[in-house]
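Shown here: query_21.txt, compact mmCIF, C-alpha atoms.
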```txt
# COMPACT_ATOMS: atom_id res chain seq x y z
CA MET R 1 13.65 60.16 109.41
CA TYR R 2 12.28 63.44 108.16
CA GLN R 3 13.97 65.14 105.25
CA LYS R 4 15.44 68.54 105.95
CA ILE R 5 13.25 71.38 104.66
CA ILE R 6 14.73 74.75 103.74
CA ALA R 7 12.70 77.94 103.43
CA ASN R 8 13.35 79.68 100.15
CA THR R 9 11.99 83.06 99.09
CA PRO R 10 13.78 84.44 96.01
CA LYS R 11 13.96 88.23 95.75
CA PHE R 12 11.74 89.15 92.83
CA LEU R 13 8.48 90.99 92.37
CA MET R 14 6.35 88.95 90.00
CA PHE R 15 8.27 86.05 88.47
CA ASP R 16 11.68 84.51 88.01
CA LEU R 17 12.67 81.90 85.40
CA GLN R 18 15.46 79.60 86.55
CA PRO R 19 17.15 76.46 85.18
CA LEU R 20 15.78 73.22 86.57
CA SER R 21 18.63 71.86 88.65
CA GLU R 22 19.13 69.45 91.50
CA ASN R 23 18.62 70.47 95.12
CA LYS R 24 19.68 68.32 98.06
CA HIS R 25 16.99 69.34 100.53
CA PHE R 26 13.28 69.96 100.33
CA ILE R 27 12.46 73.54 99.39
CA PHE R 28 9.59 75.20 101.24
CA GLY R 29 8.96 78.47 99.41
CA ALA R 30 6.36 81.20 99.22
CA ASP R 31 5.90 81.09 95.44
CA TYR R 32 3.95 79.13 92.88
CA ILE R 33 6.24 76.82 90.92
CA LEU R 34 5.87 75.68 87.32
CA ILE R 35 8.35 72.95 86.37
CA ARG R 36 9.09 72.06 82.75
CA PRO R 37 11.54 69.23 82.00
CA LYS R 38 13.35 69.60 78.69
CA GLN R 39 15.23 66.34 79.06
CA ASN R 40 14.38 63.02 80.64
CA GLY R 41 16.23 61.93 83.73
CA CYS R 42 14.95 64.04 86.61
CA ILE R 43 12.78 63.00 89.54
CA LEU R 44 10.44 65.28 91.48
CA HIS R 45 10.30 64.41 95.19
CA LEU R 46 7.24 65.43 97.17
CA SER R 47 6.50 64.56 100.79
CA SER R 48 5.83 60.87 100.18
CA THR R 49 5.95 60.55 96.40
CA GLN R 50 8.62 60.39 93.69
CA ILE R 51 7.58 61.32 90.16
CA PRO R 52 9.90 60.73 87.20
CA LEU R 53 9.52 63.70 84.85
CA VAL R 54 9.83 63.49 81.09
CA VAL R 55 9.84 65.89 78.18
CA GLY R 56 6.37 67.21 77.36
CA GLN R 57 5.14 67.55 80.94
CA LEU R 58 4.42 70.53 83.18
CA VAL R 59 4.10 70.43 86.97
CA LEU R 60 2.30 73.13 88.95
CA LEU R 61 2.94 73.44 92.70
CA ALA R 62 1.33 75.86 95.16
CA PRO R 63 3.23 78.00 97.68
CA PHE R 64 4.55 76.35 100.84
CA TYR R 65 4.63 72.95 99.13
CA PRO R 66 7.86 71.09 99.98
CA PHE R 67 9.65 69.59 97.00
CA LYS R 68 13.08 68.76 95.70
CA VAL R 69 14.50 67.60 92.37
CA SER R 70 17.15 64.97 91.71
CA ILE R 71 18.82 64.56 88.32
CA ASP R 72 20.41 61.48 86.79
CA ASN R 73 23.91 61.38 85.29
CA ASN R 74 25.11 64.54 87.06
CA LYS R 75 23.43 66.82 84.54
CA VAL R 76 23.59 70.49 85.50
CA SER R 77 20.14 71.40 84.23
CA VAL R 78 17.37 69.54 82.45
CA GLY R 79 14.68 72.18 82.07
CA ASP R 80 13.11 75.35 83.44
CA VAL R 81 11.52 76.35 86.72
CA LEU R 82 9.22 79.35 86.72
CA HIS R 83 8.67 80.93 90.15
CA PHE R 84 5.78 83.37 90.26
CA ARG R 85 3.68 85.16 92.86
CA LEU R 86 0.40 87.03 92.75
CA ASN R 87 0.95 89.86 95.24
CA ALA R 88 2.28 92.23 92.58
CA LEU R 89 -1.02 91.97 90.67
CA GLY R 90 -3.09 93.39 93.51
CA GLN R 91 -5.96 91.73 95.35
CA THR R 92 -8.64 93.48 93.27
CA PHE R 93 -7.30 91.92 90.09
CA ILE R 94 -6.83 88.51 91.71
CA ASP R 95 -10.46 88.54 92.88
CA SER R 96 -11.81 89.70 89.52
CA ILE R 97 -14.06 87.57 87.33
CA GLN R 98 -11.46 87.65 84.56
CA PHE R 99 -8.91 86.00 86.82
CA SER R 100 -11.30 83.45 88.36
CA ASN R 101 -10.30 80.49 86.14
CA ILE R 102 -6.61 81.01 86.91
CA LYS R 103 -7.32 81.45 90.62
CA ASN R 104 -9.37 78.25 90.67
CA MET R 105 -6.55 76.32 89.00
CA LEU R 106 -3.98 77.71 91.42
CA ASP R 107 -6.18 76.74 94.37
CA HIS R 108 -6.19 73.15 93.09
CA ALA R 109 -2.38 73.19 92.83
CA LYS R 110 -2.09 72.63 96.58
CA GLN R 111 -1.79 68.91 95.93
CA GLY R 112 0.41 69.32 92.89
CA LEU R 113 -0.84 69.07 89.32
CA LEU R 114 0.88 67.30 86.44
CA PHE R 115 -0.10 68.28 82.90
CA GLU R 116 0.71 66.05 79.96
CA SER R 117 -0.95 66.72 76.62
CA GLU R 118 -0.27 67.61 73.02
CA TRP R 119 -2.08 70.86 73.80
CA LEU R 120 0.88 72.00 75.93
CA GLU R 121 3.04 72.92 72.94
CA PRO R 122 1.71 76.53 72.76
CA LEU R 123 2.53 76.89 76.46
CA PHE R 124 6.09 75.75 75.87
CA GLU R 125 6.42 78.39 73.15
CA ILE R 126 5.28 81.04 75.64
CA MET R 127 7.81 79.81 78.22
CA ASP R 128 10.55 79.99 75.59
CA ASN R 129 9.74 83.69 75.15
CA ILE R 130 9.79 84.54 78.86
CA GLU R 131 12.83 86.52 79.96
CA ASN R 132 13.81 87.90 83.36
CA THR R 133 13.30 91.49 82.26
CA PHE R 134 10.92 94.19 83.38
CA ASP R 135 9.20 94.70 80.04
CA PHE R 136 5.43 94.75 80.36
CA LYS R 137 5.17 92.02 77.72
CA GLN R 138 6.77 89.60 80.17
CA LEU R 139 3.86 90.09 82.56
CA LEU R 140 1.51 89.45 79.64
CA ASN R 141 3.44 86.27 78.84
CA ILE R 142 2.94 85.02 82.40
CA LEU R 143 -0.80 85.77 82.35
CA MET R 144 -1.18 84.20 78.91
CA LEU R 145 0.69 81.12 80.09
CA LEU R 146 -1.57 80.67 83.11
CA ASP R 147 -4.70 81.35 81.07
CA GLN R 148 -3.73 78.73 78.50
CA LEU R 149 -2.96 76.23 81.25
CA THR R 150 -6.53 76.54 82.60
CA LYS R 151 -7.74 75.14 79.28
CA THR R 152 -5.83 71.89 79.82
CA SER R 153 -7.02 69.38 82.39
CA PRO R 154 -4.29 67.93 84.62
CA SER R 155 -3.53 64.30 83.88
CA GLN R 156 -2.57 63.55 87.46
CA ILE R 157 -2.88 64.90 91.00
CA LEU R 158 0.58 64.27 92.34
CA GLU R 159 0.19 64.13 96.09
CA THR R 160 -2.89 62.75 97.78
CA HIS R 161 -1.05 62.19 101.05
CA GLN R 162 0.68 65.46 101.75
CA LEU R 163 2.76 66.24 104.78
CA ALA R 164 0.54 67.46 107.57
CA PHE R 165 0.99 71.20 107.09
CA SER R 166 -2.31 72.07 108.72
CA THR R 167 -1.17 75.66 109.23
CA THR R 168 0.01 76.26 105.67
CA LYS R 169 -2.73 78.71 104.70
CA ARG R 170 -2.49 80.54 108.00
CA THR R 171 1.29 80.78 107.59
CA GLU R 172 0.91 82.20 104.09
CA ASN R 173 -1.59 84.77 105.36
CA ARG R 174 0.69 85.74 108.22
CA VAL R 175 3.58 86.37 105.84
CA ASP R 176 1.34 88.51 103.61
CA ASN R 177 -0.01 90.42 106.60
CA VAL R 178 3.38 91.27 108.05
CA LEU R 179 4.79 92.39 104.70
CA GLN R 180 1.75 94.56 104.08
CA TYR R 181 2.03 96.07 107.56
CA ILE R 182 5.70 96.93 106.98
CA ALA R 183 4.97 98.41 103.54
CA THR R 184 2.25 100.72 104.86
CA ASN R 185 4.17 101.80 107.96
CA LEU R 186 7.70 102.41 106.67
CA ALA R 187 7.74 105.94 108.07
CA GLU R 188 6.95 104.68 111.57
CA PRO R 189 9.59 103.54 114.10
CA LEU R 190 9.09 99.85 113.37
CA THR R 191 10.69 97.31 115.67
CA VAL R 192 10.50 93.55 116.13
CA THR R 193 8.36 94.15 119.21
CA ILE R 194 5.83 96.31 117.36
CA VAL R 195 5.46 94.04 114.35
CA ALA R 196 5.44 90.85 116.44
CA GLN R 197 2.44 92.26 118.30
CA GLN R 198 0.55 92.47 115.00
CA LEU R 199 0.82 88.68 114.71
CA HIS R 200 0.36 88.09 118.46
CA MET R 201 3.78 86.44 118.63
CA ALA R 202 6.60 86.63 121.11
CA GLU R 203 9.60 88.55 119.80
CA SER R 204 11.86 85.51 119.59
CA THR R 205 9.17 83.44 117.85
CA PHE R 206 8.48 86.22 115.37
CA SER R 207 12.19 86.66 114.58
CA ARG R 208 12.53 82.95 113.78
CA PHE R 209 9.27 82.97 111.79
CA PHE R 210 10.37 85.99 109.73
CA HIS R 211 13.82 84.65 108.94
CA THR R 212 12.47 81.20 108.06
CA HIS R 213 9.92 82.47 105.56
CA LEU R 214 11.71 85.52 104.13
CA GLY R 215 15.30 84.28 104.20
CA VAL R 216 16.56 87.51 105.86
CA THR R 217 16.32 89.07 109.29
CA PHE R 218 13.54 91.53 110.07
CA ARG R 219 16.02 94.39 110.38
CA GLN R 220 17.70 93.60 107.05
CA TYR R 221 14.36 93.39 105.26
CA LEU R 222 13.15 96.66 106.80
CA ILE R 223 16.29 98.55 105.76
CA GLU R 224 16.05 97.18 102.21
CA GLN R 225 12.41 98.23 101.87
CA ARG R 226 13.15 101.71 103.20
CA VAL R 227 16.06 102.17 100.80
CA LYS R 228 13.99 100.93 97.85
CA GLN R 229 11.16 103.31 98.67
CA ALA R 230 13.64 106.16 99.11
CA ALA R 231 15.14 105.41 95.68
CA ARG R 232 11.68 105.66 94.12
CA TYR R 233 11.10 109.02 95.79
CA LEU R 234 14.50 110.29 94.64
CA VAL R 235 13.50 109.65 91.04
CA SER R 236 9.83 110.62 91.16
CA THR R 237 9.71 113.65 93.51
CA ASP R 238 11.37 117.01 94.21
CA TRP R 239 11.60 116.30 97.94
CA SER R 240 14.86 117.07 99.70
CA ILE R 241 17.20 114.23 100.68
CA ALA R 242 16.46 114.83 104.36
CA HIS R 243 12.69 114.81 103.79
CA ILE R 244 12.87 111.52 101.86
CA GLY R 245 14.97 109.89 104.58
CA ALA R 246 12.41 110.89 107.20
CA GLU R 247 9.51 109.87 104.96
CA VAL R 248 10.75 106.28 104.76
CA GLY R 249 11.56 105.98 108.45
CA PHE R 250 15.26 106.73 108.93
CA SER R 251 15.95 108.46 112.23
CA SER R 252 18.63 110.79 110.87
CA LEU R 253 20.08 112.02 107.59
CA SER R 254 23.45 110.44 108.35
CA ASN R 255 21.84 107.07 109.03
CA PHE R 256 19.87 107.34 105.79
CA ASN R 257 22.98 108.19 103.77
CA GLU R 258 24.94 105.34 105.35
CA LYS R 259 22.31 102.63 104.78
CA PHE R 260 21.52 103.83 101.24
CA LYS R 261 25.17 103.78 100.21
CA THR R 262 25.75 100.38 101.83
CA LEU R 263 22.96 98.79 99.77
CA LEU R 264 23.19 100.68 96.47
CA GLN R 265 26.89 101.62 96.50
CA VAL R 266 26.07 105.28 95.91
CA THR R 267 24.79 108.19 98.00
CA PRO R 268 21.16 109.34 97.69
CA ARG R 269 22.30 112.60 96.08
CA ALA R 270 24.42 110.79 93.49
CA TYR R 271 21.64 108.29 92.85
CA ARG R 272 19.22 111.11 92.04
CA ALA R 273 21.77 112.77 89.76
CA ASN R 274 22.47 109.48 87.97
CA HIS R 275 18.78 108.97 87.25
CA VAL R 276 17.84 112.40 85.98
CA ALA R 277 17.07 110.95 82.54
CA LEU R 278 14.70 108.39 84.03
CA ARG R 279 12.92 111.14 85.90
CA GLU R 280 12.63 113.44 82.91
CA ASN R 281 11.06 110.66 80.87
CA ILE R 282 9.13 109.05 83.70
CA GLY R 283 5.95 108.84 81.64
CA ASN R 284 7.61 106.71 78.98
CA SER R 285 10.25 104.90 81.03
CA PRO R 286 10.18 101.29 82.25
CA SER R 287 8.89 100.83 85.77
CA ILE R 288 11.00 102.48 88.46
CA GLN R 289 10.16 99.45 90.58
CA GLY R 290 11.57 97.13 87.95
CA GLN R 291 14.70 99.20 87.36
CA LEU R 292 15.39 99.36 91.08
CA GLN R 293 14.87 95.63 91.55
CA LYS R 294 17.35 95.00 88.73
CA GLN R 295 19.94 97.19 90.45
CA PHE R 296 19.51 95.30 93.71
CA HIS R 297 20.11 92.04 91.87
CA GLN R 298 23.27 93.43 90.25
CA TRP R 299 24.75 94.71 93.49
CA GLN R 300 23.83 91.62 95.49
CA ALA R 301 25.28 89.25 92.89
```
In structure tokens, what does this structure look like?
Amino acid sequence: MYQKIIANTPKFLMFDLQPLSENKHFIFGADYILIRPKQNGCILHLSSTQIPLVVGQLVLLAPFYPFKVSIDNNKVSVGDVLHFRLNALGQTFIDSIQFSNIKNMLDHAKQGLLFESEWLEPLFEIMDNIENTFDFKQLLNILMLLDQLTKTSPSQILETHQLAFSTTKRTENRVDNVLQYIATNLAEPLTVTIVAQQLHMAESTFSRFFHTHLGVTFRQYLIEQRVKQAARYLVSTDWSIAHIGAEVGFSSLSNFNEKFKTLLQVTPRAYRANHVALRENIGNSPSIQGQLQKQFHQWQA
């Protein structure tokens, strides 16, 4: 009998550090995963393999790689799980010579890599300093962590008999393509029909595909992206509220006001007024993108 597999795409831009805890079903996510056990007693389940994890190890898994974790003795958490994705870095940077060693390592993570060496201690120190904040130093920590990991050879390839996900790479590309299409066409009257045509899918197939891999409906995702972009414009431009609403694809000012307030619990006008200080110091302020993402997390909690 096949194990149930659940799509999982956490809402973050670059990375998210979470406690290593037990999950009942296989997780099939769109992120790279770095698992660090801090206590013995947890087992990593892959498609046909079970790997007991112990202190001093690191496991690197590629996107769309089904896994789950079981923990002995009902422990709540026995370590850390670092989810990270590359899209926020930009394709030019990912394809650069400077990033080539990291990219090569990540390409080899499709079968799962286990690292176990005394040379991992500096990496653990970096992980201990990673926080879920939007400070630029956190991005540097992630890059430093990956760079250091390329200097350590994996002690084991975890899964030589993976589940037959022959379409994994194509699926990953399709997700990237549809998100990029939405991002560059927010001002257009996007519909399921229009976007499904970009992937040459039937509407019903596309709707299932989108919800499976993004964890939300197409309409919900589209509204969230439009509101986020509108919030950036409210802080960074002098455009009128009506112009911003139209610029991000809302059909009317009333619809824009309604959707914005539903998601951010404040009207566009009040949001702009509340962020005057951020706008006045925009050259020295933390990323608007990061601040906005933090607010979404707070209001969705």
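Counting all atoms listed in the file and comparing R:Glu131, R:Pro52, R:Ala88, R:Tyr233, the residue that lies closest to Asp72 of chain R is R:Pro52.
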Distance atom CA of Glu247 of chain R-atom CA of Thr184 of chain R, one decimal place?
11.7 Å
If we count only C-alpha atoms, what is near segment 30-40 of chain R at a cut-off of 10 Å, once residues fewer than 3 positions away on the same chain are taken out, given as a ChimeraX atom specification?
/R:7-10,14-20,27,43-44,52-65,71-72,75,77-86,106,109-110,112-115,124,127,146,171-172,175-176,213-214
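From atom CA of Gln111 of chain R back to atom CA of Leu143 of chain R, the distance works out to 21.7 Å.
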So which residues touch Gln98 of chain R within 12 Å, counting all atoms listed in the file, skipping near sequence neighbours fewer than 6 positions away, as an NGL selection string?
:R and (92 or 104 or 143 or 147)
Nearest to Ser207 of chain R, chosen from R:Leu46, R:Val192, R:Ile182, R:Ile102, with only C-alpha atoms counted in the distances
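Counting only C-alpha atoms, the residue closest to Ser207 of chain R is R:Val192.
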Residue nearest Pro66 of chain R among R:Gly41, R:Gly29, R:Pro122, R:Pro154 (counting all atoms listed in the file)
R:Gly29
Which residues are close to segment 225-229 of chain R, i.e. within 8 Å by all atoms listed in the file, leaving aside same-chain residues fewer than 6 positions away? Reply as a PyMOL selection string.
chain R and resi 183+186+248-250+259-260+263+292
Put those residues in a file: C-alpha atoms, as a CSV table (one decimal), keeping the file's coordinate frame.
```
chain,number,residue,atom,x,y,z
R,183,ALA,CA,5.0,98.4,103.5
R,186,LEU,CA,7.7,102.4,106.7
R,248,VAL,CA,10.8,106.3,104.8
R,249,GLY,CA,11.6,106.0,108.4
R,250,PHE,CA,15.3,106.7,108.9
R,259,LYS,CA,22.3,102.6,104.8
R,260,PHE,CA,21.5,103.8,101.2
R,263,LEU,CA,23.0,98.8,99.8
R,292,LEU,CA,15.4,99.4,91.1
```
Report, in Å to a single decimal, how far apart atom CA of Asn87 of chain R and atom CA of Ser155 of chain R are.
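Those two atoms sit 28.3 Å apart.
Distances to Ile157 of chain R were evaluated for R:Arg208, R:His108, R:His200, R:His45 using only C-alpha atoms, and the minimum falls at R:His108.
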Using only C-alpha atoms, which protein or nucleic acid residues come within 10 Å of Tyr271 of chain R? Drop anything in the same chain fewer than 3 positions from it, and give the result as a PyMOL selection string.
chain R and resi 231+234-235+260-261+264-268+274-276
